[in-house]
>>> print(open('target_20.cif').read())   # mmCIF, C-alpha atoms and all ligand atoms
data_data
#
loop_
_atom_site.label_atom_id
_atom_site.label_comp_id
_atom_site.auth_asym_id
_atom_site.auth_seq_id
_atom_site.Cartn_x
_atom_site.Cartn_y
_atom_site.Cartn_z
CA MET A 1 13.44 6.90 49.96
CA LYS A 2 16.03 7.77 47.37
CA SER A 3 17.25 4.15 47.18
CA PHE A 4 13.63 2.99 46.77
CA LEU A 5 13.20 5.35 43.85
CA SER A 6 16.38 4.18 42.16
CA PHE A 7 15.31 0.56 42.72
CA PHE A 8 11.97 1.16 40.98
CA LEU A 9 13.73 3.06 38.21
CA LEU A 10 16.05 0.09 37.71
CA VAL A 11 13.12 -2.39 37.56
CA PHE A 12 11.32 -0.08 35.13
CA CYS A 13 14.38 0.15 32.84
CA MET A 14 14.91 -3.61 33.00
CA SER A 15 11.33 -4.30 31.94
CA ILE A 16 11.74 -1.95 28.98
CA LEU A 17 14.93 -3.77 28.01
CA ALA A 18 13.18 -7.14 28.38
CA ALA A 19 10.40 -5.99 26.06
CA GLY A 20 12.97 -5.32 23.35
CA GLU A 21 14.84 -8.54 24.00
CA LYS A 22 15.07 -11.10 21.23
CA ARG A 23 12.96 -14.24 21.54
CA GLY A 24 13.86 -17.54 19.95
CA ALA A 25 16.06 -18.05 16.92
CA VAL A 26 15.89 -19.31 13.37
CA ALA A 27 18.77 -20.69 11.32
CA PHE A 28 18.24 -20.76 7.56
CA THR A 29 20.78 -23.06 5.93
CA PHE A 30 21.61 -23.56 2.24
CA ASP A 31 23.38 -26.61 0.88
CA ASP A 32 25.64 -27.61 -2.02
CA TYR A 33 26.96 -24.61 -3.93
CA HIS A 34 25.16 -21.67 -5.54
CA GLY A 35 27.81 -19.04 -4.82
CA PRO A 36 26.89 -16.20 -7.20
CA ARG A 37 23.17 -16.35 -6.34
CA TRP A 38 23.89 -16.71 -2.63
CA LEU A 39 26.00 -13.56 -2.85
CA LYS A 40 23.16 -11.82 -4.66
CA ALA A 41 20.75 -12.84 -1.88
CA ASP A 42 23.00 -11.22 0.72
CA ALA A 43 21.23 -7.91 0.10
CA ILE A 44 17.98 -9.48 1.35
CA PHE A 45 19.63 -10.88 4.47
CA LYS A 46 21.22 -7.48 5.11
CA LYS A 47 17.85 -5.74 4.83
CA TYR A 48 16.59 -7.85 7.77
CA ASN A 49 19.86 -7.84 9.70
CA ALA A 50 19.92 -11.62 9.23
CA HIS A 51 22.62 -14.24 8.77
CA ALA A 52 22.48 -17.70 7.20
CA THR A 53 24.70 -20.78 6.95
CA PHE A 54 26.04 -22.02 3.63
CA PHE A 55 27.12 -25.67 3.52
CA ILE A 56 29.65 -26.12 0.72
CA VAL A 57 30.00 -29.28 -1.36
CA GLY A 58 32.89 -30.22 -3.67
CA GLY A 59 36.44 -29.14 -4.27
CA LEU A 60 37.46 -25.60 -3.35
CA ASN A 61 39.01 -23.56 -6.16
CA ARG A 62 40.09 -19.92 -5.85
CA GLU A 63 36.80 -18.54 -7.15
CA LYS A 64 34.76 -20.63 -4.71
CA LEU A 65 37.00 -19.72 -1.79
CA ASP A 66 36.67 -16.02 -2.60
CA THR A 67 32.88 -16.35 -2.65
CA MET A 68 32.95 -18.17 0.70
CA LYS A 69 35.15 -15.42 2.12
CA LYS A 70 32.75 -12.74 0.88
CA LEU A 71 29.82 -14.54 2.53
CA GLN A 72 31.80 -14.90 5.74
CA ALA A 73 32.78 -11.22 5.66
CA ALA A 74 29.06 -10.37 5.34
CA GLY A 75 28.51 -12.16 8.68
CA HIS A 76 27.23 -15.49 7.36
CA SER A 77 28.51 -18.87 8.54
CA ILE A 78 30.29 -21.31 6.27
CA GLY A 79 29.88 -25.02 6.91
CA LEU A 80 31.10 -28.08 5.05
CA HIS A 81 29.01 -30.60 3.13
CA SER A 82 31.67 -33.09 1.87
CA LEU A 83 33.70 -33.37 -1.31
CA ARG A 84 31.46 -35.71 -3.31
CA HIS A 85 28.10 -35.53 -1.52
CA LYS A 86 28.52 -39.08 -0.32
CA ASP A 87 26.39 -40.38 2.55
CA ALA A 88 28.26 -40.73 5.85
CA CYS A 89 26.76 -44.13 6.55
CA THR A 90 25.37 -46.96 4.47
CA PRO A 91 21.59 -47.00 4.14
CA LYS A 92 21.42 -50.78 4.60
CA THR A 93 23.59 -51.53 7.62
CA GLY A 94 23.69 -47.98 8.99
CA LYS A 95 27.44 -48.40 9.36
CA LEU A 96 29.75 -45.40 9.06
CA TYR A 97 31.83 -45.50 5.87
CA GLU A 98 35.42 -46.23 6.76
CA ASN A 99 37.59 -43.12 7.08
CA TYR A 100 34.64 -40.96 6.04
CA PHE A 101 36.13 -37.72 7.36
CA GLU A 102 39.59 -38.38 5.89
CA LYS A 103 38.26 -39.39 2.47
CA GLU A 104 35.27 -37.09 2.05
CA VAL A 105 35.79 -34.00 4.21
CA LYS A 106 39.40 -33.47 5.33
CA LEU A 107 40.57 -31.72 2.16
CA GLN A 108 37.81 -29.07 2.45
CA TYR A 109 38.46 -28.77 6.18
CA ASP A 110 42.22 -28.21 5.79
CA ILE A 111 41.87 -25.66 2.98
CA CYS A 112 39.32 -23.64 4.98
CA LYS A 113 41.64 -23.62 7.97
CA LYS A 114 44.48 -22.34 5.80
CA GLU A 115 42.24 -19.68 4.26
CA ASN A 116 40.87 -18.52 7.63
CA ILE A 117 37.35 -19.66 6.85
CA ARG A 118 35.76 -20.73 10.12
CA THR A 119 33.88 -24.01 9.81
CA VAL A 120 32.24 -25.16 13.05
CA SER A 121 29.45 -27.05 11.34
CA PHE A 122 28.82 -29.84 8.85
CA ALA A 123 25.62 -30.75 6.98
CA TYR A 124 25.19 -34.44 6.30
CA PRO A 125 24.79 -35.20 2.57
CA ASN A 126 21.19 -36.36 2.07
CA ASN A 127 20.75 -35.76 5.82
CA ARG A 128 21.86 -39.35 6.37
CA ARG A 129 23.45 -39.90 9.79
CA ASN A 130 23.58 -42.15 12.81
CA GLU A 131 25.16 -42.08 16.27
CA GLU A 132 28.39 -43.54 14.95
CA SER A 133 28.75 -40.86 12.29
CA ASP A 134 27.88 -38.14 14.83
CA LYS A 135 30.65 -39.38 17.11
CA GLU A 136 33.16 -39.25 14.27
CA MET A 137 32.09 -35.82 13.00
CA PHE A 138 31.97 -34.28 16.49
CA ARG A 139 35.73 -34.76 16.59
CA HIS A 140 35.94 -31.98 14.00
CA PHE A 141 32.70 -29.97 14.23
CA ASP A 142 30.49 -28.49 16.97
CA TYR A 143 27.19 -28.65 15.08
CA LEU A 144 25.86 -31.24 12.65
CA ARG A 145 22.91 -30.28 10.44
CA ALA A 146 20.54 -33.09 9.66
CA GLY A 147 16.91 -33.46 8.58
CA LEU A 148 13.87 -34.14 10.75
CA GLY A 149 14.17 -37.92 10.53
CA LYS A 150 11.32 -40.33 9.84
CA PRO A 151 8.47 -38.79 11.87
CA GLY A 152 9.17 -35.46 10.11
CA LYS A 153 8.00 -33.52 13.16
CA MET A 154 9.51 -30.05 13.60
CA LEU A 155 12.27 -29.95 16.22
CA PHE A 156 12.49 -27.05 18.69
CA TYR A 157 15.71 -26.47 20.62
CA PRO A 158 15.12 -24.25 23.68
CA LEU A 159 17.88 -21.62 23.79
CA ASN A 160 18.72 -22.55 27.39
CA SER A 161 19.38 -26.16 26.28
CA LEU A 162 21.85 -25.25 23.51
CA LYS A 163 25.39 -26.56 23.94
CA LYS A 164 28.45 -27.43 21.90
CA LYS A 165 28.30 -30.74 20.00
CA MET A 166 24.68 -30.90 18.89
CA VAL A 167 22.89 -32.50 15.98
CA LEU A 168 20.35 -29.98 14.69
CA GLY A 169 17.52 -31.32 12.57
CA GLY A 170 15.93 -28.96 10.08
CA LYS A 171 12.92 -28.82 7.78
CA GLY A 172 13.33 -28.48 4.00
CA ILE A 173 11.97 -25.39 2.24
CA GLY A 174 11.07 -25.41 -1.46
CA LYS A 175 8.41 -26.64 -3.88
CA TYR A 176 9.76 -30.20 -3.63
CA TYR A 177 9.15 -30.13 0.15
CA LYS A 178 5.61 -28.83 -0.43
CA THR A 179 6.35 -25.72 1.60
CA ASP A 180 3.30 -23.96 2.96
CA ALA A 181 4.29 -20.38 3.82
CA GLU A 182 1.64 -20.08 6.54
CA GLU A 183 2.86 -23.27 8.20
CA ILE A 184 6.46 -21.97 8.24
CA LYS A 185 5.29 -18.70 9.79
CA CYS A 186 3.41 -20.65 12.48
CA LEU A 187 6.62 -22.57 13.24
CA LEU A 188 8.46 -19.25 13.57
CA ASP A 189 5.76 -18.03 15.97
CA LYS A 190 6.09 -21.20 18.04
CA ALA A 191 9.89 -20.89 18.21
CA ALA A 192 9.62 -17.26 19.31
CA GLU A 193 6.98 -18.07 21.94
CA SER A 194 8.96 -21.00 23.37
CA ASN A 195 12.29 -19.13 23.07
CA SER A 196 13.69 -21.96 20.94
CA LEU A 197 15.94 -22.37 17.92
CA ILE A 198 14.51 -23.87 14.73
CA VAL A 199 16.42 -24.86 11.62
CA PHE A 200 15.48 -24.89 7.93
CA PHE A 201 17.42 -26.05 4.91
CA SER A 202 17.22 -25.29 1.21
CA HIS A 203 19.68 -24.92 -1.67
CA ASP A 204 19.75 -22.20 -4.31
CA ILE A 205 18.02 -18.84 -3.72
CA ARG A 206 16.29 -17.18 -6.69
CA PRO A 207 12.94 -15.70 -7.73
CA GLY A 208 10.36 -18.45 -8.28
CA ALA A 209 12.95 -21.15 -7.54
CA PRO A 210 11.67 -24.65 -8.37
CA GLY A 211 12.41 -28.00 -6.71
CA ILE A 212 14.61 -28.07 -3.64
CA SER A 213 15.50 -24.36 -3.70
CA MET A 214 14.32 -21.24 -1.89
CA PRO A 215 12.17 -18.79 -3.84
CA THR A 216 13.49 -15.30 -3.07
CA GLU A 217 9.98 -14.03 -2.34
CA LEU A 218 9.45 -16.74 0.31
CA LEU A 219 12.80 -16.01 1.94
CA GLU A 220 11.86 -12.36 2.20
CA GLU A 221 8.44 -13.24 3.66
CA PHE A 222 10.02 -15.50 6.33
CA LEU A 223 12.74 -13.02 7.24
CA ALA A 224 10.18 -10.22 7.59
CA HIS A 225 8.05 -12.47 9.81
CA ALA A 226 11.00 -13.45 12.03
CA VAL A 227 11.92 -9.77 12.42
CA LYS A 228 8.32 -8.97 13.34
CA ARG A 229 8.56 -11.62 16.06
CA ASN A 230 11.86 -10.11 17.23
CA MET A 231 13.75 -13.38 16.64
CA ASN A 232 17.49 -13.93 16.27
CA ILE A 233 18.19 -14.87 12.63
CA ILE A 234 21.54 -16.55 12.86
CA GLY A 235 24.21 -18.65 11.20
CA PHE A 236 25.59 -21.73 12.95
CA ASN A 237 28.75 -19.83 14.00
CA GLU A 238 26.52 -17.67 16.20
CA ILE A 239 24.97 -20.52 18.22
CA GLU A 240 27.76 -20.07 20.74
CA LYS A 241 26.60 -16.50 21.32
CA LEU A 242 23.06 -17.80 21.94
CA ILE A 243 24.38 -20.31 24.50
CA ASN A 244 25.84 -17.45 26.47
CA THR A 245 22.59 -15.46 26.22
CA GLY A 246 20.64 -18.50 27.46
CA LYS A 247 22.97 -18.91 30.45
CA LYS A 248 22.25 -15.42 31.72
CA LYS A 249 18.56 -16.29 32.22
ZN ZN B 301 23.43 -31.56 -0.41
#
>>> encode(input="target_20.cif", output="structure tokens", more="lines below")
Ligand SMILES: [Zn+2]
Amino acid sequence: MKSFLSFFLLVFCMSILAAGEKRGAVAFTFDDYHGPRWLKADAIFKKYNAHATFFIVGGLNREKLDTMKKLQAAGHSIGLHSLRHKDACTPKTGKLYENYFEKEVKLQYDICKKENIRTVSFAYPNNRRNEESDKEMFRHFDYLRAGLGKPGKMLFYPLNSLKKKMVLGGKGIGKYYKTDAEEIKCLLDKAAESNSLIVFFSHDIRPGAPGISMPTELLEEFLAHAVKRNMNIIGFNEIEKLINTGKKK
């Protein structure tokens, strides 16, 4: 009798735990370099216990490195985005540019290593990629951020299908991408319901941001919605943690 009772108690506790368990994940990513305003936006991410990924373009001077370190210390992920924002492959032939990593990325990569900035991910400049470029970049990175490709259909990555060496396609957020806040919230709902990861990309973060950047008020709205849906709000460095969570199920 006693063992029956403890069994039911265990099932009861497990169901309570399951109810509080996180469902699905969203990765907000920001490209190029908007260090001071990204740092300013950290307060918003903190408010929602959320992390993002910042994909850095260009040379890395002391000031930039210190900003990257501050973002990393706040729990965000730092990824690379090339030195000169050059496409990885030619638009015409689709061929990988010769020595792309060595010429366009290696300097950033080596400096980050020396400075203890963990870079497990790379965002393709202009989201231009192909299988050949993926093969080359997977030699140095675990996750490659791209766009949604031609059909433009949102991509959902079930948490139990996540692995190392993945290309993750994301949807752009900003006025230029004609972002509809309700549509984004529906996508968050769908990711939570299907226990999947979804990815978004933008650039700067500031109030009323025009063009390809994230208006602060929209970011806050999306973070609040993801929290309401009990989603993981993660940087690319935390995908590994999600893989392990998925395995347990
Ligand atoms: Zn870019």
>>> atom_distance(input="target_20.cif", atom1="atom CA of A:Glu132", atom2="atom CA of A:Leu96")
6.3 Å
>>> closest_residue(input="target_20.cif", among="A:Gln72, A:Asn126, A:Ser196, A:Asn232", to="ligand ZN 301 (chain B)", atoms="only C-alpha atoms and all ligand atoms")
A:Asn126
>>> closest_atom_pairs(input="target_20.cif", of="chain A", to="ligand ZN 301 (chain B)", cutoff="6 Å", atoms="all atoms listed in the file", output="JSON lines")
{"residue": "A:Asp31", "atom": "CA", "partner": "B:ZN301", "partner_atom": "ZN", "distance": 5.1}
{"residue": "A:Asp32", "atom": "CA", "partner": "B:ZN301", "partner_atom": "ZN", "distance": 4.8}
{"residue": "A:Pro125", "atom": "CA", "partner": "B:ZN301", "partner_atom": "ZN", "distance": 4.9}
{"residue": "A:Asn126", "atom": "CA", "partner": "B:ZN301", "partner_atom": "ZN", "distance": 5.8}
>>> residues_around(input="target_20.cif", residues="A:Ala192", least_positions_apart="3", cutoff="12 Å", atoms="only C-alpha atoms", output="list in words")
Glu21, Lys22, Arg23, Gly24, Ala25, Val26, Phe156, Tyr157, Pro158, Leu159, Lys185, Cys186, Leu187, Leu188, Asp189, Asn195, Ser196, Leu197, Ile198, His225, Ala226, Val227, Lys228, Arg229, Asn230, Met231, Asn232 and Ile233 of chain A
>>> closest_residue(input="target_20.cif", among="A:Met154, A:Asn127, A:Ile44, A:Gly59", to="A:Asp110", atoms="only C-alpha atoms")
A:Gly59
>>> closest_residue(input="target_20.cif", among="A:Leu219, A:Arg145, A:Glu136, A:Phe122", to="A:Pro207", atoms="all atoms listed in the file")
A:Leu219
>>> residues_around(input="target_20.cif", residues="A:Thr90", least_positions_apart="6", cutoff="10 Å", atoms="all atoms listed in the file", output="JSON, numbers by chain")
{"A": [96, 97, 128, 129, 130]}
>>> closest_residue(input="target_20.cif", among="A:Phe200, A:Ser133, A:Ala191, A:Tyr176", to="A:Lys95", atoms="all atoms listed in the file")
A:Ser133
